[in-house]
Amino acid sequence: MQSSTEVRFETVFLSKNALDDDRTEQLIYWCKRFDKLNLAPKSAGNLSVRTKKGFIITATGVALGAAERDNLVEVVEVEIKQAKIVVYAKGKPIPSKESVLHSEIYHSRPDINAVFHVHDQLVVGLADELGLPCTEGEQPRGSYELTTEVQRVLELRKDARYLVLRNHGVIAIGETMAEAGKLAEDMNKLARNLTRRKGAKNAGNARI
Ligand SMILES: [Zn+2]
């Protein structure tokens, strides 16, 4: 039996042509960069950029380090039914299961043109210490509950461009891909510096 949080994800392809959009190159650049920084272990993380009709997003189950034009797909509509999410897409692969999350952010924040979700475990572990906006509890990945909770946090912090998904990952948003990408990178640097300082302090204490 399905639990109430389980949603079926269905993709309807409006066309199977490969994407022809200049934005794909920059999106691939950020996928590879996050992979190098180890922010997307295995096939975690999904990145998107707004288009006229929807957004281009990474495919499901593909590691960001392996991103290429053929595993990007344009989502033009997301329909939320009771226990089913139907995604209308143009391209070859199945879009990320988190497409609903991206879709809702683009709808509620017209100023935002890039949504980058990665699994930055350092930041996730230090979310409260860094005073970052964070979801309450942990919602299943790809669930509508997670999307609703992210919406709630963004509603409370209308200026927020970065938030933590409790025990899961982070979302950086921006007017441009460069802005969202830099934010994700800067927060990772901050978390790394804090971890280093804490390590040095602990080593100092151990010597006393
Ligand atoms: Zn995730």
# chains A, B, ... in the order shown; residues from 1 in each chain; ligands from 1
>>> residues_around(residues="Arg166 of chain A", least_positions_apart="4", cutoff="12 Å", atoms="only C-alpha atoms", output="list in words")
His119, Asp120, Gln121, Val123, Val124, Gly125, Leu126, Ala127, Asp128, Leu132, Pro133, Cys134, Thr135, Glu136, Gly137, Glu138, Gln139, Pro140, Arg141, Leu146, Glu149, Val150, Val153, Val170 and Ile171 of chain A
>>> write_last_selection(atoms="C-alpha atoms", output="PDB file, in the first residue's frame")
ATOM      1  CA  HIS A 119      23.552  18.138  -1.278  1.00  0.00           C
ATOM      2  CA  ASP A 120      26.022  20.265   0.675  1.00  0.00           C
ATOM      3  CA  GLN A 121      26.416  18.085   3.754  1.00  0.00           C
ATOM      4  CA  VAL A 123      26.122  23.365   5.339  1.00  0.00           C
ATOM      5  CA  VAL A 124      23.265  20.977   6.206  1.00  0.00           C
ATOM      6  CA  GLY A 125      25.125  19.961   9.391  1.00  0.00           C
ATOM      7  CA  LEU A 126      25.782  23.587  10.362  1.00  0.00           C
ATOM      8  CA  ALA A 127      22.435  25.103   9.297  1.00  0.00           C
ATOM      9  CA  ASP A 128      21.415  26.280  12.764  1.00  0.00           C
ATOM     10  CA  LEU A 132      20.228  29.879   7.799  1.00  0.00           C
ATOM     11  CA  PRO A 133      16.549  29.613   6.847  1.00  0.00           C
ATOM     12  CA  CYS A 134      15.714  25.939   7.163  1.00  0.00           C
ATOM     13  CA  THR A 135      12.746  23.640   6.620  1.00  0.00           C
ATOM     14  CA  GLU A 136      11.176  22.131   9.713  1.00  0.00           C
ATOM     15  CA  GLY A 137      11.586  18.378  10.043  1.00  0.00           C
ATOM     16  CA  GLU A 138      12.472  16.181   7.096  1.00  0.00           C
ATOM     17  CA  GLN A 139      10.113  15.612   4.174  1.00  0.00           C
ATOM     18  CA  PRO A 140      10.432  12.812   1.617  1.00  0.00           C
ATOM     19  CA  ARG A 141      12.493  13.771  -1.433  1.00  0.00           C
ATOM     20  CA  LEU A 146       8.730  19.125   0.781  1.00  0.00           C
ATOM     21  CA  GLU A 149       7.437  23.361   3.373  1.00  0.00           C
ATOM     22  CA  VAL A 150       9.935  25.170   1.110  1.00  0.00           C
ATOM     23  CA  VAL A 153       9.994  29.116   4.455  1.00  0.00           C
ATOM     24  CA  VAL A 170      20.343  23.178   0.122  1.00  0.00           C
ATOM     25  CA  ILE A 171      18.659  25.404  -2.447  1.00  0.00           C
TER      26      ILE A 171
END
>>> residues_around(residues="Asn38 of chain A", least_positions_apart="5", cutoff="12 Å", atoms="only C-alpha atoms", output="PyMOL selection string")
chain A and resi 31-33+43-45+63-65+118-122+185+188
>>> write_last_selection(atoms="C-alpha atoms", output="PDB file, in the first residue's frame")
ATOM      1  CA  CYS A  31      26.673  20.968 -12.806  1.00  0.00           C
ATOM      2  CA  LYS A  32      30.328  20.077 -13.352  1.00  0.00           C
ATOM      3  CA  ARG A  33      31.531  22.712 -10.922  1.00  0.00           C
ATOM      4  CA  SER A  43      23.280  11.289  -8.655  1.00  0.00           C
ATOM      5  CA  ALA A  44      22.160  13.822  -6.041  1.00  0.00           C
ATOM      6  CA  GLY A  45      21.233  17.397  -6.841  1.00  0.00           C
ATOM      7  CA  ALA A  63      25.162  12.499 -11.827  1.00  0.00           C
ATOM      8  CA  LEU A  64      25.787  16.233 -12.198  1.00  0.00           C
ATOM      9  CA  GLY A  65      29.367  15.450 -13.208  1.00  0.00           C
ATOM     10  CA  VAL A 118      22.714  20.398  -4.202  1.00  0.00           C
ATOM     11  CA  HIS A 119      23.552  18.138  -1.278  1.00  0.00           C
ATOM     12  CA  ASP A 120      26.022  20.265   0.675  1.00  0.00           C
ATOM     13  CA  GLN A 121      26.416  18.085   3.754  1.00  0.00           C
ATOM     14  CA  LEU A 122      28.698  20.574   5.523  1.00  0.00           C
ATOM     15  CA  GLU A 185      29.812  28.142  -3.515  1.00  0.00           C
ATOM     16  CA  ASN A 188      30.153  26.007   1.133  1.00  0.00           C
TER      17      ASN A 188
END
>>> atom_distance(atom1="atom CA of Glu25 of chain A", atom2="atom CA of Leu47 of chain A")
12.5 Å
>>> residues_around(residues="Asp22 of chain A", least_positions_apart="2", cutoff="12 Å", atoms="only C-alpha atoms", output="CSV table (one decimal) with all heavy atoms, in the first residue's frame")
chain,number,residue,atom,x,y,z
A,19,LEU,N,17.5,19.5,-26.8
A,19,LEU,CA,17.3,20.9,-26.6
A,19,LEU,C,18.2,21.8,-27.4
A,19,LEU,O,19.4,21.4,-27.6
A,19,LEU,CB,17.5,21.2,-25.1
A,19,LEU,CG,16.5,20.6,-24.1
A,19,LEU,CD1,16.9,21.1,-22.7
A,19,LEU,CD2,15.1,21.0,-24.5
A,20,ASP,N,17.7,22.9,-27.9
A,20,ASP,CA,18.5,23.8,-28.6
A,20,ASP,C,18.4,25.2,-27.9
A,20,ASP,O,17.5,26.0,-28.3
A,20,ASP,CB,18.1,23.9,-30.1
A,20,ASP,CG,18.9,24.8,-30.9
A,20,ASP,OD1,20.1,25.1,-30.5
A,20,ASP,OD2,18.4,25.3,-31.9
A,24,THR,N,21.9,26.1,-21.9
A,24,THR,CA,22.3,24.7,-21.5
A,24,THR,C,23.8,24.7,-21.2
A,24,THR,O,24.2,24.0,-20.2
A,24,THR,CB,22.0,23.7,-22.6
A,24,THR,OG1,22.6,24.1,-23.8
A,24,THR,CG2,20.5,23.4,-22.7
A,25,GLU,N,24.6,25.5,-21.9
A,25,GLU,CA,26.0,25.4,-21.7
A,25,GLU,C,26.4,25.9,-20.3
A,25,GLU,O,27.2,25.3,-19.6
A,25,GLU,CB,26.8,26.3,-22.7
A,25,GLU,CG,27.5,25.5,-23.7
A,25,GLU,CD,28.0,26.3,-24.8
A,25,GLU,OE1,28.9,27.2,-24.6
A,25,GLU,OE2,27.4,26.2,-25.9
A,26,GLN,N,25.8,27.0,-19.9
A,26,GLN,CA,26.1,27.5,-18.5
A,26,GLN,C,25.6,26.6,-17.4
A,26,GLN,O,26.2,26.4,-16.4
A,26,GLN,CB,25.5,28.9,-18.4
A,26,GLN,CG,26.3,29.8,-17.5
A,26,GLN,CD,25.6,31.1,-17.1
A,26,GLN,OE1,24.8,31.6,-17.9
A,26,GLN,NE2,26.0,31.7,-16.0
A,27,LEU,N,24.4,26.0,-17.7
A,27,LEU,CA,23.9,25.0,-16.7
A,27,LEU,C,24.8,23.8,-16.6
A,27,LEU,O,25.1,23.4,-15.5
A,27,LEU,CB,22.5,24.6,-17.2
A,27,LEU,CG,21.6,23.9,-16.2
A,27,LEU,CD1,21.3,24.9,-15.0
A,27,LEU,CD2,20.3,23.5,-16.8
A,28,ILE,N,25.4,23.3,-17.7
A,28,ILE,CA,26.3,22.2,-17.6
A,28,ILE,C,27.6,22.6,-16.9
A,28,ILE,O,28.1,21.9,-16.1
A,28,ILE,CB,26.7,21.7,-19.1
A,28,ILE,CG1,25.4,21.1,-19.7
A,28,ILE,CG2,27.8,20.8,-19.1
A,28,ILE,CD1,25.5,20.8,-21.2
A,49,VAL,N,17.1,26.3,-14.9
A,49,VAL,CA,17.2,27.7,-15.4
A,49,VAL,C,15.8,28.0,-16.1
A,49,VAL,O,15.3,27.1,-16.8
A,49,VAL,CB,18.4,28.0,-16.3
A,49,VAL,CG1,18.4,27.1,-17.5
A,49,VAL,CG2,18.4,29.5,-16.7
A,51,THR,N,13.0,29.3,-18.6
A,51,THR,CA,12.9,29.6,-20.0
A,51,THR,C,11.6,30.4,-20.2
A,51,THR,O,10.9,30.6,-19.3
A,51,THR,CB,12.9,28.3,-20.8
A,51,THR,OG1,11.7,27.5,-20.4
A,51,THR,CG2,14.1,27.5,-20.7
A,56,ILE,N,14.5,24.7,-17.9
A,56,ILE,CA,15.4,23.5,-18.3
A,56,ILE,C,15.9,22.9,-17.0
A,56,ILE,O,16.5,23.7,-16.2
A,56,ILE,CB,16.5,24.0,-19.2
A,56,ILE,CG1,15.9,24.5,-20.6
A,56,ILE,CG2,17.5,22.9,-19.5
A,56,ILE,CD1,16.9,25.1,-21.5
A,69,ARG,N,24.2,18.1,-22.8
A,69,ARG,CA,23.0,18.6,-23.5
A,69,ARG,C,21.9,17.5,-23.5
A,69,ARG,O,20.7,17.8,-23.3
A,69,ARG,CB,23.3,19.1,-24.9
A,69,ARG,CG,22.4,20.1,-25.4
A,69,ARG,CD,22.8,20.6,-26.7
A,69,ARG,NE,23.7,21.8,-26.5
A,69,ARG,CZ,23.4,23.0,-26.9
A,69,ARG,NH1,22.2,23.2,-27.5
A,69,ARG,NH2,24.2,24.0,-26.8
>>> closest_residue(among="A:Gly131, A:Gly174, A:Pro95, A:Gly54", to="Glu77 of chain A", atoms="only C-alpha atoms")
A:Gly54
>>> atom_distance(atom1="atom CA of Tyr88 of chain A", atom2="atom CA of Gln151 of chain A")
21.8 Å
>>> residues_around(residues="Thr176 of chain A", least_positions_apart="5", cutoff="12 Å", atoms="only C-alpha atoms", output="list of chain:residue names")
A:Arg23, A:Gln26, A:Leu27, A:Trp30, A:Ser48, A:Val49, A:Arg50, A:Thr51, A:Asp111, A:Ile112, A:Asn113, A:Ala114, A:Val115, A:Phe116, A:Arg161, A:Gly181, A:Lys182, A:Leu183
>>> write_last_selection(atoms="all heavy atoms", output="compact mmCIF listing (two decimals), in the first residue's frame")
# COMPACT_ATOMS: atom_id res chain seq x y z
N ARG A 23 21.32 28.51 -23.03
CA ARG A 23 21.48 28.45 -21.57
C ARG A 23 22.01 27.10 -21.08
O ARG A 23 22.51 27.00 -19.97
CB ARG A 23 20.14 28.73 -20.88
CG ARG A 23 19.81 30.21 -20.82
CD ARG A 23 18.37 30.41 -20.53
NE ARG A 23 17.58 30.15 -21.72
CZ ARG A 23 16.44 30.76 -22.01
NH1 ARG A 23 15.96 31.65 -21.20
NH2 ARG A 23 15.77 30.48 -23.11
N GLN A 26 25.79 27.00 -19.88
CA GLN A 26 26.09 27.53 -18.54
C GLN A 26 25.57 26.59 -17.44
O GLN A 26 26.19 26.43 -16.40
CB GLN A 26 25.47 28.91 -18.39
CG GLN A 26 26.31 29.81 -17.50
CD GLN A 26 25.61 31.11 -17.14
OE1 GLN A 26 24.76 31.59 -17.88
NE2 GLN A 26 25.97 31.68 -16.01
N LEU A 27 24.45 25.98 -17.72
CA LEU A 27 23.88 25.03 -16.75
C LEU A 27 24.83 23.83 -16.58
O LEU A 27 25.10 23.40 -15.45
CB LEU A 27 22.50 24.57 -17.23
CG LEU A 27 21.59 23.92 -16.18
CD1 LEU A 27 21.28 24.86 -15.03
CD2 LEU A 27 20.27 23.46 -16.82
N TRP A 30 27.80 24.71 -14.37
CA TRP A 30 27.55 24.69 -12.93
C TRP A 30 27.39 23.26 -12.41
O TRP A 30 27.82 22.95 -11.30
CB TRP A 30 26.35 25.56 -12.57
CG TRP A 30 26.72 27.00 -12.57
CD1 TRP A 30 26.37 27.94 -13.51
CD2 TRP A 30 27.59 27.67 -11.64
NE1 TRP A 30 26.96 29.15 -13.21
CE2 TRP A 30 27.70 29.02 -12.07
CE3 TRP A 30 28.28 27.28 -10.50
CZ2 TRP A 30 28.48 29.96 -11.38
CZ3 TRP A 30 29.05 28.22 -9.82
CH2 TRP A 30 29.15 29.53 -10.25
N SER A 48 18.29 24.01 -12.36
CA SER A 48 17.41 24.44 -13.44
C SER A 48 17.58 25.91 -13.74
O SER A 48 18.09 26.68 -12.92
CB SER A 48 15.95 24.15 -13.07
OG SER A 48 15.49 25.08 -12.10
N VAL A 49 17.14 26.29 -14.95
CA VAL A 49 17.15 27.69 -15.37
C VAL A 49 15.83 27.98 -16.07
O VAL A 49 15.34 27.15 -16.83
CB VAL A 49 18.39 28.00 -16.26
CG1 VAL A 49 18.41 27.14 -17.53
CG2 VAL A 49 18.43 29.47 -16.65
N ARG A 50 15.29 29.15 -15.81
CA ARG A 50 13.99 29.52 -16.38
C ARG A 50 14.08 29.74 -17.89
O ARG A 50 15.08 30.27 -18.38
CB ARG A 50 13.49 30.80 -15.70
CG ARG A 50 12.02 31.10 -15.98
CD ARG A 50 11.70 32.53 -15.60
NE ARG A 50 11.53 32.78 -14.18
CZ ARG A 50 10.39 32.62 -13.50
NH1 ARG A 50 9.31 32.17 -14.13
NH2 ARG A 50 10.32 32.92 -12.23
N THR A 51 13.04 29.33 -18.59
CA THR A 51 12.92 29.62 -20.03
C THR A 51 11.60 30.39 -20.22
O THR A 51 10.87 30.61 -19.26
CB THR A 51 12.87 28.32 -20.85
OG1 THR A 51 11.74 27.54 -20.41
CG2 THR A 51 14.13 27.49 -20.71
N ASP A 111 11.06 37.02 -9.87
CA ASP A 111 12.39 37.62 -10.03
C ASP A 111 13.49 36.56 -10.17
O ASP A 111 14.62 36.88 -10.51
CB ASP A 111 12.70 38.53 -8.82
CG ASP A 111 12.55 37.79 -7.49
OD1 ASP A 111 11.63 36.96 -7.35
OD2 ASP A 111 13.39 38.02 -6.58
N ILE A 112 13.15 35.33 -9.88
CA ILE A 112 14.15 34.25 -9.86
C ILE A 112 14.22 33.52 -11.20
O ILE A 112 13.20 33.11 -11.75
CB ILE A 112 13.82 33.26 -8.71
CG1 ILE A 112 14.00 33.93 -7.35
CG2 ILE A 112 14.67 31.98 -8.80
CD1 ILE A 112 15.36 34.57 -7.10
N ASN A 113 15.44 33.37 -11.72
CA ASN A 113 15.60 32.69 -13.01
C ASN A 113 16.48 31.45 -12.94
O ASN A 113 16.69 30.78 -13.95
CB ASN A 113 16.21 33.67 -14.03
CG ASN A 113 15.26 34.82 -14.30
OD1 ASN A 113 14.10 34.61 -14.64
ND2 ASN A 113 15.74 36.04 -14.09
N ALA A 114 17.02 31.15 -11.75
CA ALA A 114 17.84 29.95 -11.60
C ALA A 114 17.58 29.33 -10.24
O ALA A 114 17.51 30.04 -9.22
CB ALA A 114 19.32 30.29 -11.74
N VAL A 115 17.40 28.01 -10.21
CA VAL A 115 17.18 27.27 -8.96
C VAL A 115 18.19 26.11 -8.94
O VAL A 115 18.14 25.23 -9.79
CB VAL A 115 15.74 26.72 -8.86
CG1 VAL A 115 15.57 25.87 -7.59
CG2 VAL A 115 14.71 27.85 -8.88
N PHE A 116 19.13 26.17 -7.98
CA PHE A 116 20.17 25.14 -7.88
C PHE A 116 19.99 24.38 -6.56
O PHE A 116 20.04 24.97 -5.48
CB PHE A 116 21.56 25.78 -7.89
CG PHE A 116 21.98 26.35 -9.24
CD1 PHE A 116 23.19 27.02 -9.38
CD2 PHE A 116 21.18 26.21 -10.37
CE1 PHE A 116 23.59 27.55 -10.61
CE2 PHE A 116 21.56 26.73 -11.60
CZ PHE A 116 22.77 27.39 -11.72
N ARG A 161 17.52 33.93 -0.46
CA ARG A 161 17.98 33.37 -1.73
C ARG A 161 18.72 32.06 -1.50
O ARG A 161 19.32 31.51 -2.43
CB ARG A 161 18.89 34.38 -2.44
CG ARG A 161 18.16 35.67 -2.76
CD ARG A 161 18.28 36.04 -4.20
NE ARG A 161 17.22 36.94 -4.60
CZ ARG A 161 17.30 37.73 -5.65
NH1 ARG A 161 18.38 37.74 -6.38
NH2 ARG A 161 16.29 38.49 -5.99
N GLY A 181 24.81 30.18 -8.39
CA GLY A 181 26.01 29.34 -8.30
C GLY A 181 27.01 29.89 -7.31
O GLY A 181 27.56 29.16 -6.47
N LYS A 182 27.23 31.21 -7.37
CA LYS A 182 28.21 31.83 -6.48
C LYS A 182 27.73 31.71 -5.02
O LYS A 182 28.52 31.46 -4.12
CB LYS A 182 28.40 33.30 -6.88
CG LYS A 182 29.54 33.96 -6.13
CD LYS A 182 29.81 35.36 -6.61
CE LYS A 182 30.98 36.00 -5.87
NZ LYS A 182 30.92 35.95 -4.42
N LEU A 183 26.44 31.89 -4.84
CA LEU A 183 25.87 31.80 -3.49
C LEU A 183 26.11 30.39 -2.90
O LEU A 183 26.55 30.25 -1.76
CB LEU A 183 24.37 32.08 -3.59
CG LEU A 183 23.59 32.33 -2.32
CD1 LEU A 183 24.24 33.42 -1.49
CD2 LEU A 183 22.16 32.74 -2.68
>>> closest_residue(among="A:His168, A:Leu72, A:Gln82, A:Asn17", to="ligand 1", atoms="only C-alpha atoms and all ligand atoms")
A:His168
>>> select_by_dssp(residues="segment 79-200 of chain A", states="strand (DSSP E or B)", output="list in words")
Glu79, Ile80, Lys81, Lys84, Ile85, Val86, Val87, Tyr88, Ala89, Lys90, Gly91, Pro95, Ala114, Val115, Phe116, His117, Val118, Cys134, Tyr162, Leu163, Val164, Leu165, Gly169, Val170, Ile171, Ala172, Ile173 and Gly174 of chain A
>>> atom_distance(atom1="atom CA of Asp21 of chain A", atom2="atom CA of Ala89 of chain A")
14.6 Å
>>> closest_residue(among="A:Asp35, A:Glu98, A:Glu68, A:Glu155", to="ligand 1", atoms="only C-alpha atoms and all ligand atoms")
A:Glu98
>>> closest_residue(among="A:Ala83, A:Ile57, A:Leu37, A:Val62", to="Ser99 of chain A", atoms="only C-alpha atoms")
A:Ile57
>>> closest_residue(among="A:Asn167, A:Phe9, A:Pro110, A:Tyr29", to="ligand 1", atoms="only C-alpha atoms and all ligand atoms")
A:Asn167
>>> residues_around(residues="Lys16 of chain A", least_positions_apart="4", cutoff="7 Å", atoms="only C-alpha atoms", output="ChimeraX atom specification")
/A:90-92
>>> select_by_dssp(residues="segment 1-200 of chain A", states="alpha helix (DSSP H)", output="PyMOL selection string")
chain A and resi 23-36+99-108+121-126+144-156+177-200
>>> closest_residue(among="A:Leu190, A:Leu163, A:Ala40, A:Val76", to="ligand 1", atoms="only C-alpha atoms and all ligand atoms")
A:Ala40
